[in-house]
Structures are given as C-alpha cells and as structure tokens.
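File shown: structure-v6.txt (compact mmCIF, C-alpha atoms and all ligand atoms).
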# COMPACT_ATOMS: atom_id res chain seq x y z
CA MET A 1317 91.02 118.27 275.85
CA ARG A 1318 89.29 118.14 279.24
CA ASN A 1319 86.83 120.79 280.17
CA LEU A 1320 87.93 122.97 283.07
CA PRO A 1321 85.47 122.78 285.99
CA SER A 1322 83.15 125.73 285.74
CA THR A 1323 83.52 128.16 288.59
CA GLU A 1324 80.59 128.86 290.90
CA TRP A 1325 82.01 132.22 291.87
CA VAL A 1326 80.66 135.14 289.93
CA SER A 1327 82.58 138.37 290.29
CA PRO A 1328 80.45 141.25 291.55
CA LYS A 1329 79.62 144.01 289.13
CA PRO A 1330 82.54 146.44 289.34
CA SER A 1331 81.77 149.72 291.06
CA ALA A 1332 81.56 152.91 289.02
CA ASN A 1333 83.26 154.70 291.87
CA ALA A 1334 87.08 155.08 291.78
CA ALA A 1335 87.35 155.04 295.58
CA ASP A 1336 85.58 151.67 295.74
CA ARG A 1337 87.85 150.28 293.05
CA ALA A 1338 90.97 151.53 294.86
CA LEU A 1339 89.71 149.99 298.08
CA GLN A 1340 89.56 146.61 296.36
CA LEU A 1341 92.89 146.77 294.57
CA ILE A 1342 95.34 148.73 296.72
CA ARG A 1343 96.96 146.68 299.48
CA PRO A 1344 95.72 147.63 302.97
CA GLU A 1345 99.24 148.41 304.20
CA ILE A 1346 99.62 150.97 301.42
CA ARG A 1347 96.26 152.53 302.23
CA ALA A 1348 97.41 152.81 305.85
CA LEU A 1349 100.64 154.67 304.92
CA ARG A 1350 101.01 158.38 305.41
CA PRO A 1351 102.61 159.93 302.31
CA TYR A 1352 106.05 161.50 302.65
CA HIS A 1353 105.12 165.11 303.23
CA VAL A 1354 107.14 167.97 301.73
CA PRO A 1355 105.87 171.33 303.03
CA ASP A 1356 105.60 174.30 300.70
CA ALA A 1357 108.55 176.59 301.39
CA THR A 1358 107.61 179.42 299.03
CA GLY A 1359 108.86 182.71 300.42
CA LEU A 1360 110.43 181.08 303.49
CA VAL A 1361 114.04 180.67 304.60
CA LYS A 1362 114.29 176.95 303.95
CA LEU A 1363 116.04 175.19 306.80
CA ASP A 1364 114.01 171.98 306.89
CA ALA A 1365 115.57 169.55 304.41
CA MET A 1366 119.35 169.49 304.96
CA GLU A 1367 120.09 171.14 301.66
CA ASN A 1368 123.40 172.92 301.09
CA PRO A 1369 122.56 176.67 301.12
CA TYR A 1370 125.17 177.49 298.49
CA SER A 1371 124.64 177.15 294.78
CA TRP A 1372 127.20 176.44 292.11
CA PRO A 1373 129.71 179.36 291.94
CA ALA A 1374 129.19 181.74 289.03
CA ASP A 1375 132.58 181.01 287.44
CA LEU A 1376 131.73 177.31 287.13
CA ARG A 1377 128.29 177.70 285.60
CA GLY A 1378 129.60 178.54 282.13
CA PRO A 1379 131.94 175.54 281.95
CA TRP A 1380 129.20 173.31 283.37
CA LEU A 1381 126.67 174.44 280.74
CA GLU A 1382 129.27 173.90 278.04
CA PHE A 1383 129.83 170.41 279.35
CA LEU A 1384 126.09 169.73 279.05
CA ALA A 1385 125.56 171.49 275.72
CA ASP A 1386 126.39 168.56 273.47
CA ALA A 1387 124.64 165.89 275.52
CA PRO A 1388 122.65 163.73 273.11
CA LEU A 1389 119.27 163.93 274.81
CA ASN A 1390 117.63 161.90 272.06
CA ARG A 1391 119.63 158.87 273.24
CA TYR A 1392 119.15 156.88 276.41
CA PRO A 1393 121.85 157.52 279.01
CA ASP A 1394 124.65 155.09 279.79
CA PRO A 1395 122.75 152.40 281.73
CA GLY A 1396 125.69 151.69 284.02
CA GLY A 1397 126.72 155.28 284.75
CA THR A 1398 130.33 154.28 284.00
CA GLY A 1399 131.61 157.86 283.99
CA ILE A 1400 130.35 158.45 287.53
CA LYS A 1401 131.68 155.14 288.83
CA ARG A 1402 135.11 155.84 287.36
CA GLY A 1403 134.99 159.36 288.82
CA LEU A 1404 134.15 158.03 292.30
CA GLN A 1405 137.08 155.61 292.20
CA ASP A 1406 139.52 158.09 290.66
CA ALA A 1407 138.63 160.57 293.40
CA GLY A 1408 139.34 157.91 296.03
CA ILE A 1409 135.76 158.14 297.30
CA VAL A 1410 135.14 154.44 296.66
CA PRO A 1411 137.95 151.87 296.99
CA ARG A 1412 139.10 150.31 293.72
CA ASP A 1413 138.18 146.80 294.83
CA ALA A 1414 134.58 147.72 295.68
CA GLN A 1415 131.67 147.64 293.23
CA VAL A 1416 129.19 150.50 292.91
CA LEU A 1417 125.43 150.69 292.40
CA LEU A 1418 123.95 154.06 291.37
CA GLY A 1419 120.51 155.28 292.37
CA ASN A 1420 118.23 158.18 291.58
CA GLY A 1421 119.02 159.46 295.06
CA SER A 1422 119.83 157.03 297.83
CA ASP A 1423 116.09 156.68 298.41
CA GLU A 1424 115.98 154.61 295.24
CA ILE A 1425 118.83 152.43 296.49
CA ILE A 1426 116.91 151.77 299.70
CA LEU A 1427 114.00 150.64 297.53
CA MET A 1428 116.25 148.33 295.46
CA LEU A 1429 117.59 146.71 298.63
CA MET A 1430 114.04 146.04 299.74
CA LEU A 1431 112.91 144.70 296.37
CA ALA A 1432 115.73 142.18 296.39
CA LEU A 1433 115.30 141.02 299.98
CA GLU A 1434 114.27 137.45 300.72
CA ARG A 1435 110.54 137.32 301.55
CA GLY A 1436 109.89 136.63 305.22
CA ARG A 1437 112.91 138.66 306.30
CA ALA A 1438 112.30 141.87 308.24
CA VAL A 1439 113.86 145.31 307.89
CA LEU A 1440 115.34 146.69 311.08
CA ALA A 1441 116.65 150.09 312.20
CA PRO A 1442 117.19 151.90 315.47
CA VAL A 1443 114.56 154.62 315.93
CA PRO A 1444 114.09 157.50 315.63
CA THR A 1445 115.84 157.46 312.28
CA PHE A 1446 115.36 158.31 308.62
CA VAL A 1447 111.68 157.67 307.87
CA MET A 1448 112.17 156.25 304.37
CA TYR A 1449 113.45 152.91 305.73
CA GLU A 1450 110.05 152.20 307.25
CA LEU A 1451 108.00 153.83 304.49
CA LEU A 1452 109.72 151.88 301.70
CA ALA A 1453 109.76 148.58 303.62
CA LYS A 1454 106.03 148.82 304.09
CA SER A 1455 105.38 149.87 300.53
CA VAL A 1456 106.95 146.66 299.22
CA GLY A 1457 105.16 144.54 301.83
CA LEU A 1458 108.08 143.92 304.21
CA ARG A 1459 107.89 143.97 307.98
CA PHE A 1460 109.69 146.91 309.61
CA GLU A 1461 111.00 146.76 313.16
CA GLY A 1462 112.19 149.90 314.94
CA VAL A 1463 114.43 149.37 317.97
CA PRO A 1464 114.50 152.41 320.29
CA LEU A 1465 117.87 154.08 320.69
CA ALA A 1466 119.40 154.15 324.17
CA PRO A 1467 119.31 157.40 326.23
CA GLY A 1468 121.30 160.15 324.54
CA PHE A 1469 120.32 158.59 321.20
CA ARG A 1470 123.16 156.13 321.58
CA LEU A 1471 123.21 152.88 319.65
CA ASP A 1472 122.72 149.91 321.94
CA ALA A 1473 124.31 147.21 319.83
CA GLU A 1474 123.32 144.34 322.14
CA SER A 1475 119.63 145.14 321.99
CA LEU A 1476 119.75 145.75 318.24
CA VAL A 1477 121.42 142.37 317.70
CA ALA A 1478 118.85 140.67 319.93
CA SER A 1479 116.00 142.27 317.97
CA ALA A 1480 117.61 141.34 314.66
CA ARG A 1481 117.71 137.69 315.72
CA ARG A 1482 114.18 137.73 317.11
CA CYS A 1483 112.59 139.23 314.01
CA HIS A 1484 114.87 137.49 311.50
CA ALA A 1485 116.15 140.78 310.08
CA GLY A 1486 117.55 140.63 306.57
CA LEU A 1487 118.41 144.32 306.28
CA ILE A 1488 119.67 146.51 309.10
CA PHE A 1489 119.89 150.23 308.37
CA LEU A 1490 122.26 152.40 310.39
CA ALA A 1491 122.37 156.07 309.48
CA TYR A 1492 125.91 157.22 310.31
CA PRO A 1493 125.44 160.02 311.47
CA ASN A 1494 121.80 159.44 312.31
CA ASN A 1495 118.92 161.61 311.09
CA PRO A 1496 117.09 163.30 312.89
CA THR A 1497 119.35 163.07 315.95
CA GLY A 1498 122.57 164.22 314.24
CA ASN A 1499 124.92 162.04 316.27
CA LEU A 1500 127.45 159.53 315.04
CA PHE A 1501 127.04 156.11 316.66
CA ALA A 1502 130.10 154.74 318.44
CA GLU A 1503 132.29 152.87 315.99
CA ASP A 1504 132.65 149.82 318.26
CA GLN A 1505 128.86 149.56 318.60
CA VAL A 1506 128.43 149.67 314.82
CA GLU A 1507 131.11 147.03 314.46
CA HIS A 1508 129.43 144.84 317.09
CA VAL A 1509 126.18 144.97 315.11
CA ILE A 1510 127.90 144.09 311.82
CA ARG A 1511 129.74 141.13 313.37
CA ASN A 1512 126.75 139.67 315.18
CA VAL A 1513 123.81 139.83 312.77
CA ASP A 1514 123.30 137.54 309.81
CA GLY A 1515 121.49 140.25 307.83
CA LEU A 1516 123.08 142.83 305.55
CA VAL A 1517 124.07 146.03 307.34
CA VAL A 1518 123.51 149.15 305.24
CA LEU A 1519 125.59 151.95 306.65
CA ASP A 1520 123.90 155.12 305.41
CA GLU A 1521 126.59 157.80 305.24
CA ALA A 1522 124.37 160.55 303.79
CA TYR A 1523 126.05 163.10 306.09
CA PHE A 1524 129.62 161.97 305.49
CA PRO A 1525 130.87 165.43 304.33
CA PHE A 1526 129.96 166.84 307.74
CA ALA A 1527 131.13 163.91 309.89
CA ARG A 1528 134.13 162.69 307.91
CA ARG A 1529 133.94 159.28 309.54
CA THR A 1530 133.36 156.28 307.36
CA PHE A 1531 133.41 152.51 307.06
CA MET A 1532 134.12 152.78 303.32
CA GLN A 1533 137.73 151.63 303.70
CA ARG A 1534 136.63 148.68 305.84
CA LEU A 1535 134.19 147.13 303.35
CA GLY A 1536 136.59 144.25 302.82
CA ASP A 1537 136.57 143.39 306.54
CA PHE A 1538 132.92 142.35 306.63
CA PRO A 1539 130.97 140.07 304.27
CA ASN A 1540 127.64 141.67 305.30
CA LEU A 1541 128.39 145.40 305.02
CA VAL A 1542 127.53 147.87 302.28
CA VAL A 1543 128.06 151.65 302.50
CA MET A 1544 125.55 154.10 301.02
CA ARG A 1545 126.21 157.74 300.20
CA THR A 1546 124.37 160.56 298.46
CA LEU A 1547 125.35 163.85 296.86
CA SER A 1548 122.11 165.45 298.08
CA LYS A 1549 123.29 166.86 301.39
CA GLU A 1550 126.61 168.13 300.07
CA GLY A 1551 125.12 170.32 297.39
CA LEU A 1552 123.42 168.39 294.59
CA ALA A 1553 119.99 167.59 296.01
CA GLY A 1554 118.37 168.63 292.73
CA VAL A 1555 120.47 166.20 290.70
CA ARG A 1556 119.36 163.07 292.58
CA LEU A 1557 122.37 160.81 292.87
CA GLY A 1558 123.03 158.20 295.51
CA PHE A 1559 125.42 155.28 295.44
CA LEU A 1560 126.04 152.04 297.24
CA ALA A 1561 129.50 150.50 297.54
CA GLY A 1562 130.18 146.91 298.44
CA ALA A 1563 131.34 143.48 297.37
CA ARG A 1564 130.55 142.32 293.85
CA ALA A 1565 128.29 139.57 295.22
CA TRP A 1566 125.88 142.16 296.65
CA ILE A 1567 126.08 144.81 293.96
CA GLU A 1568 125.59 142.38 291.07
CA GLU A 1569 122.35 141.04 292.52
CA LEU A 1570 120.98 144.46 293.47
CA ASP A 1571 121.75 145.75 290.00
CA LYS A 1572 119.14 143.33 288.64
CA VAL A 1573 116.29 145.23 290.28
CA ARG A 1574 117.59 148.62 289.15
CA LEU A 1575 115.60 150.23 286.36
CA PRO A 1576 117.93 150.35 283.32
CA TYR A 1577 118.14 154.13 282.91
CA ASN A 1578 117.56 155.24 286.48
CA VAL A 1579 120.14 158.06 286.40
CA ASN A 1580 119.38 160.44 283.56
CA ARG A 1581 121.99 161.82 281.22
CA LEU A 1582 121.94 165.39 282.58
CA SER A 1583 122.46 164.08 286.10
CA GLN A 1584 125.27 161.77 285.01
CA LEU A 1585 127.12 164.58 283.27
CA THR A 1586 126.54 167.01 286.13
CA VAL A 1587 127.92 164.54 288.66
CA GLU A 1588 130.97 163.86 286.49
CA PHE A 1589 131.54 167.61 286.30
CA ALA A 1590 131.03 168.01 290.06
CA LEU A 1591 133.50 165.22 290.81
CA ALA A 1592 136.08 166.96 288.65
CA HIS A 1593 135.52 170.13 290.72
CA ARG A 1594 134.89 168.48 294.05
CA GLU A 1595 137.05 170.99 295.94
CA VAL A 1596 134.15 173.45 295.53
CA LEU A 1597 131.70 171.21 297.38
CA ALA A 1598 134.37 170.35 299.96
CA ALA A 1599 134.92 174.05 300.71
CA GLN A 1600 131.16 174.56 301.10
CA ALA A 1601 130.98 171.61 303.51
CA ALA A 1602 133.77 173.19 305.58
CA LEU A 1603 131.79 176.44 305.79
CA ILE A 1604 128.72 174.51 306.89
CA ARG A 1605 130.68 172.63 309.58
CA ALA A 1606 131.98 175.93 310.95
CA GLU A 1607 128.46 177.42 310.93
CA ARG A 1608 127.16 174.31 312.68
CA GLU A 1609 129.48 175.00 315.62
CA ARG A 1610 128.43 178.64 315.70
CA VAL A 1611 124.70 177.83 315.63
CA PHE A 1612 125.19 175.13 318.27
CA ALA A 1613 126.92 177.59 320.58
CA ALA A 1614 124.19 180.18 320.04
CA LEU A 1615 121.43 177.66 320.77
CA SER A 1616 123.25 176.45 323.88
CA VAL A 1617 122.99 179.82 325.59
CA LEU A 1618 119.28 180.31 324.91
CA PRO A 1619 117.10 179.75 327.95
CA ARG A 1620 115.30 176.38 328.06
CA VAL A 1621 116.68 175.34 324.66
CA HIS A 1622 118.71 172.14 324.61
CA PRO A 1623 120.64 171.43 321.40
CA TRP A 1624 122.18 168.00 320.77
CA PRO A 1625 125.76 167.89 319.48
CA SER A 1626 125.72 167.14 315.76
CA ASP A 1627 128.06 165.53 313.26
CA ALA A 1628 125.72 166.39 310.41
CA ASN A 1629 124.52 169.60 308.71
CA PHE A 1630 121.56 170.01 311.04
CA ILE A 1631 120.96 170.38 314.74
CA LEU A 1632 118.25 168.69 316.80
CA PHE A 1633 117.06 170.71 319.75
CA GLU A 1634 114.53 170.46 322.51
CA ALA A 1635 112.56 173.58 323.23
CA PRO A 1636 109.65 174.53 325.45
CA ASP A 1637 106.30 174.55 323.67
CA ALA A 1638 107.90 173.28 320.46
CA ASP A 1639 104.68 173.28 318.42
CA ARG A 1640 104.00 176.92 319.15
CA LEU A 1641 107.64 177.80 318.51
CA PHE A 1642 107.59 176.03 315.15
CA ALA A 1643 104.45 177.93 314.11
CA ARG A 1644 105.90 181.27 315.25
CA LEU A 1645 109.08 180.67 313.28
CA CYS A 1646 106.97 179.87 310.21
CA SER A 1647 105.01 183.08 310.53
CA ASP A 1648 108.34 184.86 310.91
CA GLY A 1649 109.45 183.40 307.56
CA ILE A 1650 111.63 180.52 308.80
CA LEU A 1651 110.85 176.92 307.91
CA ILE A 1652 112.47 174.27 310.11
CA LYS A 1653 111.26 170.77 310.92
CA SER A 1654 108.97 169.75 313.74
CA LEU A 1655 109.51 166.18 314.91
CA ALA A 1656 106.17 165.94 316.68
CA GLY A 1657 104.93 163.56 313.99
CA SER A 1658 108.15 161.52 313.99
CA GLY A 1659 108.09 160.20 317.53
CA LEU A 1660 110.02 163.11 319.08
CA PRO A 1661 107.44 165.55 320.47
CA GLY A 1662 109.08 168.63 321.93
CA TYR A 1663 111.95 168.46 319.45
CA LEU A 1664 112.78 170.61 316.46
CA ARG A 1665 115.45 170.16 313.79
CA VAL A 1666 117.13 172.99 311.97
CA THR A 1667 119.33 172.64 308.90
CA VAL A 1668 122.56 174.64 309.02
CA GLY A 1669 122.22 177.27 306.32
CA SER A 1670 124.36 180.17 305.17
CA THR A 1671 125.61 182.64 307.79
CA ALA A 1672 122.82 185.08 306.88
CA GLU A 1673 120.12 182.40 307.02
CA ASN A 1674 121.38 181.12 310.37
CA ASP A 1675 121.32 184.65 311.78
CA LEU A 1676 117.73 185.07 310.60
CA PHE A 1677 116.81 181.79 312.27
CA LEU A 1678 118.56 182.61 315.55
CA GLY A 1679 116.99 186.07 315.67
CA ALA A 1680 113.51 184.70 315.00
CA LEU A 1681 113.99 181.98 317.60
CA GLU A 1682 115.05 184.48 320.25
CA ARG A 1683 111.98 186.60 319.52
CA ALA A 1684 109.73 183.55 319.64
CA LEU A 1685 111.15 182.47 323.01
CA ASP A 1686 110.83 185.91 324.54
CA PRO A 1687 107.43 186.04 326.25
CA SER A 1688 107.33 189.86 326.30
C1 LIG A 1701 118.41 162.70 303.21
C2 LIG A 1701 118.75 161.32 303.54
C3 LIG A 1701 118.79 160.33 302.54
C4 LIG A 1701 118.19 160.53 301.17
O1 LIG A 1701 119.00 161.02 300.27
P1 LIG A 1701 118.68 161.13 298.72
O2 LIG A 1701 119.95 160.68 298.14
O3 LIG A 1701 118.37 162.55 298.49
O4 LIG A 1701 117.54 160.21 298.37
C5 LIG A 1701 119.23 159.06 302.88
N1 LIG A 1701 119.56 158.77 304.16
C6 LIG A 1701 119.50 159.67 305.13
C7 LIG A 1701 119.87 159.29 306.52
C8 LIG A 1701 119.08 160.97 304.86
O5 LIG A 1701 118.96 161.87 305.85

Target encoding structure tokens, full file:
Amino acid sequence: MRNLPSTEWVSPKPSANAADRALQLIRPEIRALRPYHVPDATGLVKLDAMENPYSWPADLRGPWLEFLADAPLNRYPDPGGTGIKRGLQDAGIVPRDAQVLLGNGSDEIILMLMLALERGRAVLAPVPTFVMYELLAKSVGLRFEGVPLAPGFRLDAESLVASARRCHAGLIFLAYPNNPTGNLFAEDQVEHVIRNVDGLVVLDEAYFPFARRTFMQRLGDFPNLVVMRTLSKEGLAGVRLGFLAGARAWIEELDKVRLPYNVNRLSQLTVEFALAHREVLAAQAALIRAERERVFAALSVLPRVHPWPSDANFILFEAPDADRLFARLCSDGILIKSLAGSGLPGYLRVTVGSTAENDLFLGALERALDPS
C-alpha cells in the first residue's frame, strides 16, 4: 500500500468560543439571513397572520376528540398520509388524475421543491410576495431573483418571462392571490408565464377559500405547473397541513426529499375529520369574505387611507405615517402587520377577523388617524 502524501496544512487550534466556531462553520448566506419574525401577540387582537378568527364549533369538538381518542400514538403515522389524500380527492378538491404531496404546512413543501431543484437554477418570484420563497431559497444555497410587480401590483408576464430566461429560473412562484398585496393576478398573465418559461411554475393558492379561483382543474394542460394549497388560512393553522398537486412525474421525485413522517398522526386524523365536515370551514370562509367587503368599505371612507381591493382574507392599505399608526394600534391592543421591513414602506396589512375584532380595529384606526 502506498503512503498518502503527508499534508503540510495544520488545522488551527479550535476556538473555545461558540461564536468563533459558528463563524467558521455556518455558511455566510445563512449568517446574513434575518430570521422569520413572529411578534408576541399576548393580550392583543391578533390580526397579523391571516388566521381564521373562528375556532371549531362546540358541537364538533366532542366527535373530533372521540375520533382522536384511539389514535395509536406509540406508532409512527402513515408515511404517505393516504387518508388525507383520499379525502382530498373524494371531496373533489384535487382531481383524481393528479398526484398529491403532503407537507407540514406549505412552507415545508416550498423547502422540498428547493431541495430537489437542479443546482445552478435560480428561484424566481414577482415581488413583493410571500417572504418564505426568498428565505428558503437562500437557506438551501439557491439564488433568488425578485421581479418587481407592475403598477397596481399587476403581474407583468413579459418581464417575468424575460427575467426567468436571463437568470435560468428553475422554480417560479406565483402566489394566487398574492401576499401581501391581496390581489389575484390576471389569469391570462399567469397562463403566459406558464407557457413561456422552462422552469416549474408553483401556483401558491394559499388563499383559495377567499378567492375561489384556481388552476387546479387545468393541471393537465401544462407539463410545468403544480398547484399548492394549505389549510392554514381557512382555519387549521395550528394543524400544519399543506399539499401540492401535480403530475406523477413531479410528485414522485419531490416525495424523495420529504421526511418520512412529516405529517404527524394527530394532524392527519384532524384533517381527515375536517374534510368530512368541510362545510363548517366553508361557512366560516363565507363569513370572512363578507367581512372583508365590509372592512374594505369602511377603510375606503377614512381620510388619507387607501385600501387595495383584496381576493384574500386580508387587506393591504396605504396610510399616512404608517409606522406611527402601527405603533398606536399596538398600544391600543390591535396587532396588524407593518410592511416597512418588506419593501412596502407606508403600507399596512390587516387580517380580516371576526365582526367584533374588525370593529375594534376600525375604531382604533379612526382614533389613531384623528389628530385631535
Ligand atoms: C401563509 C402562506 C403560506 C404558508 O402556509 P403554511 O401552510 O401555513 O406553511 C404559503 N403561501 C402563502 C402565499 C402564504 O401567505
């Protein structure tokens, strides 16, 4: 056996300081990231995170607990989440000829898409949009390109396609409706993007229950389209369930980077139960849509406040002195979202809550705007 050449390089004595060690071992692009910040909402009316304000109705809690009671928690859950997938198809939510990938929230599905992407390909999205696309791309070492939306937050398909070609985009995320702007991109613009990029278009329909527009039934028309949904915004944010529907060729590959038991047994059973009682969530979504119109109308008549029409369960609005307004609302017990740190200074975003919560918000906003 030949001797290996001895190395001249002697590793320096490792530091006793954890910060020095982290500096050496954590990739610079991770160190440069700002963590996803979730503000403490204790004691506040929580209108910052697009949660459904309504909980599970009292008469369903008993049956739900009974359904969970016998769950064998000593056993790993079904790795494929077959019960949920069957439920989604039986309910007509996903077409029978599409395959489904389940995630611990759609955030996890976004991560799986990125883990599987060919190295050297970029991730592209119109901006401003959902921040996790950029955060997760960077955390797995992918390049992220944000293409500014056209005036009125419209999707400019031509410029998106041009950017996709220039940066060799492998994944193009379109939130439909978009967060934080709330609008639904024009269907023909979305279609133009899908037809003219060689990357995979991920249509993120997180706000589907409030927009009721979808490409789900058109999956078969495009070889490079997948549709992503989540149960978070329609009432099960605490359960963490997202899903991706698409052709077998995509779903089978993505499934290889999914952790085997990513959706826990209690979540699986709860989602199966919720799907069997989905009229409850549908009725809550209808209430939220009606409240959205009421809140929009109320914002529209406030002086110097400019709300943007929304197809989601939140409303983006411009307001004078937005930072001060945000702080005053907080001290008045109302937590909304300031977009100053997300590239939209002067803009605030409020989640549509229950009638009582919305009234509290509107009252506090009027007081905050009144200089007297
Ligand atoms: C909230 C949101 C998600 C994340 O949903 P989870 O399923 O809770 O991870 C995905 N996409 C968009 C556009 C969102 O606003």

Listed atoms of region 1578-1588 of chain A, axis-aligned box, 5 Å per side: centre and edge lengths to one decimal in Å, as lines of an AutoDock Vina configuration file?
center_x = 124.3
center_y = 161.1
center_z = 284.9
size_x = 23.4
size_y = 21.8
size_z = 17.4

Would you mind listing what lies within 9 Å of Leu1541 (chain A) as a short mmCIF file (atom, residue, chain, number, x, y, z; two decimals) with C-alpha atoms, keeping the file's coordinate frame, with all atoms listed in the file counted and same-chain residues fewer than 6 positions away left out?
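Below is the file that was written, out14.cif:
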data_model
loop_
_atom_site.label_atom_id
_atom_site.label_comp_id
_atom_site.auth_asym_id
_atom_site.auth_seq_id
_atom_site.Cartn_x
_atom_site.Cartn_y
_atom_site.Cartn_z
CA ILE A 1510 127.90 144.09 311.82
CA LEU A 1516 123.08 142.83 305.55
CA VAL A 1517 124.07 146.03 307.34
CA VAL A 1518 123.51 149.15 305.24
CA LEU A 1519 125.59 151.95 306.65
CA PHE A 1531 133.41 152.51 307.06
CA ARG A 1534 136.63 148.68 305.84
CA LEU A 1535 134.19 147.13 303.35
CA GLY A 1562 130.18 146.91 298.44
CA ALA A 1563 131.34 143.48 297.37
#

**OP:** Write out as a VMD selection string each polymer residue whose atoms come within 10 Å of region 1674-1678 of chain A, counting all atoms listed in the file; drop sequence neighbours fewer than 3 positions from it.
**Re:** chain A and resid 1361 to 1363 1607 to 1608 1610 to 1611 1614 to 1615 1618 1645 1648 to 1652 1666 to 1671 1681 to 1684

**OP:** May I have the residues within 8 Å of ligand LIG 1701 (chain A), computed using only C-alpha atoms and all ligand atoms, as a PyMOL selection string?
**Re:** chain A and resi 1365-1366+1419-1424+1445-1446+1448+1491-1496+1520-1523+1545-1549+1553+1556-1558

**OP:** Go ahead and find all residues with at least one atom no further than 10 Å from (126.8, 158.5, 315.0) in the file's coordinates, using only C-alpha atoms; report them as JSON, numbers by chain.
**Re:** {"A": [1469, 1470, 1471, 1490, 1491, 1492, 1493, 1494, 1495, 1497, 1498, 1499, 1500, 1501, 1502, 1503, 1505, 1506, 1521, 1527, 1529, 1626, 1627, 1628]}

Original post:
Do you have the CA of Leu1597 (chain A)-CA of Pro1395 (chain A) distance handy?
Top reply: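 Pair CA of Leu1597 (chain A) / CA of Pro1395 (chain A) returns 26.1 Å.
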
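For the residues A:Val1477, A:Leu1582, A:Ile1426, A:Ala1485, ranking by smallest atom-to-atom distance to Trp1380 (chain A) using all atoms listed in the file places A:Leu1582 first.
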
Original post:
Looking at A:Ala1565, A:Cys1646, A:Leu1427, A:Val1555, which one is nearest to Thr1358 (chain A), with distances taken over all atoms listed in the file?
Top reply: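 The answer is A:Cys1646, which sits nearest to Thr1358 (chain A).
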
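The coordinates place CA of Ala1635 (chain A) at 6.5 Å from CA of His1622 (chain A).
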
Subject >> Two-atom distance - CA of Phe1612 (chain A), CA of Trp1624 (chain A) (Å) >> reply: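 Between CA of Phe1612 (chain A) and CA of Trp1624 (chain A) the gap is 8.1 Å.
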
Subject >> Closest of A:Arg1435, A:Glu1461, A:Pro1525, A:Ala1480 to Ala1601 (chain A) - atom-to-atom distances counting all atoms listed in the file >> reply: A:Pro1525

Subject >> Option closest in space to Lys1454 (chain A), from A:Arg1402, A:Arg1665, A:Arg1343, A:Arg1481 [counting only C-alpha atoms] >> reply: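 Once distances to Lys1454 (chain A) are computed over only C-alpha atoms, the minimum belongs to A:Arg1343.
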
Subject >> Among listed residues A:Ala1473, A:Leu1451, A:Leu1431, A:Val1416, nearest Met1532 (chain A) (using all atoms listed in the file) >> reply: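 Nearest to Met1532 (chain A): A:Val1416.
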
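Proximity to Phe1489 (chain A) was assessed for A:Ala1407, A:Leu1429, A:Ala1466, A:Ala1385 counting only C-alpha atoms; the smallest distance is recorded for A:Leu1429.
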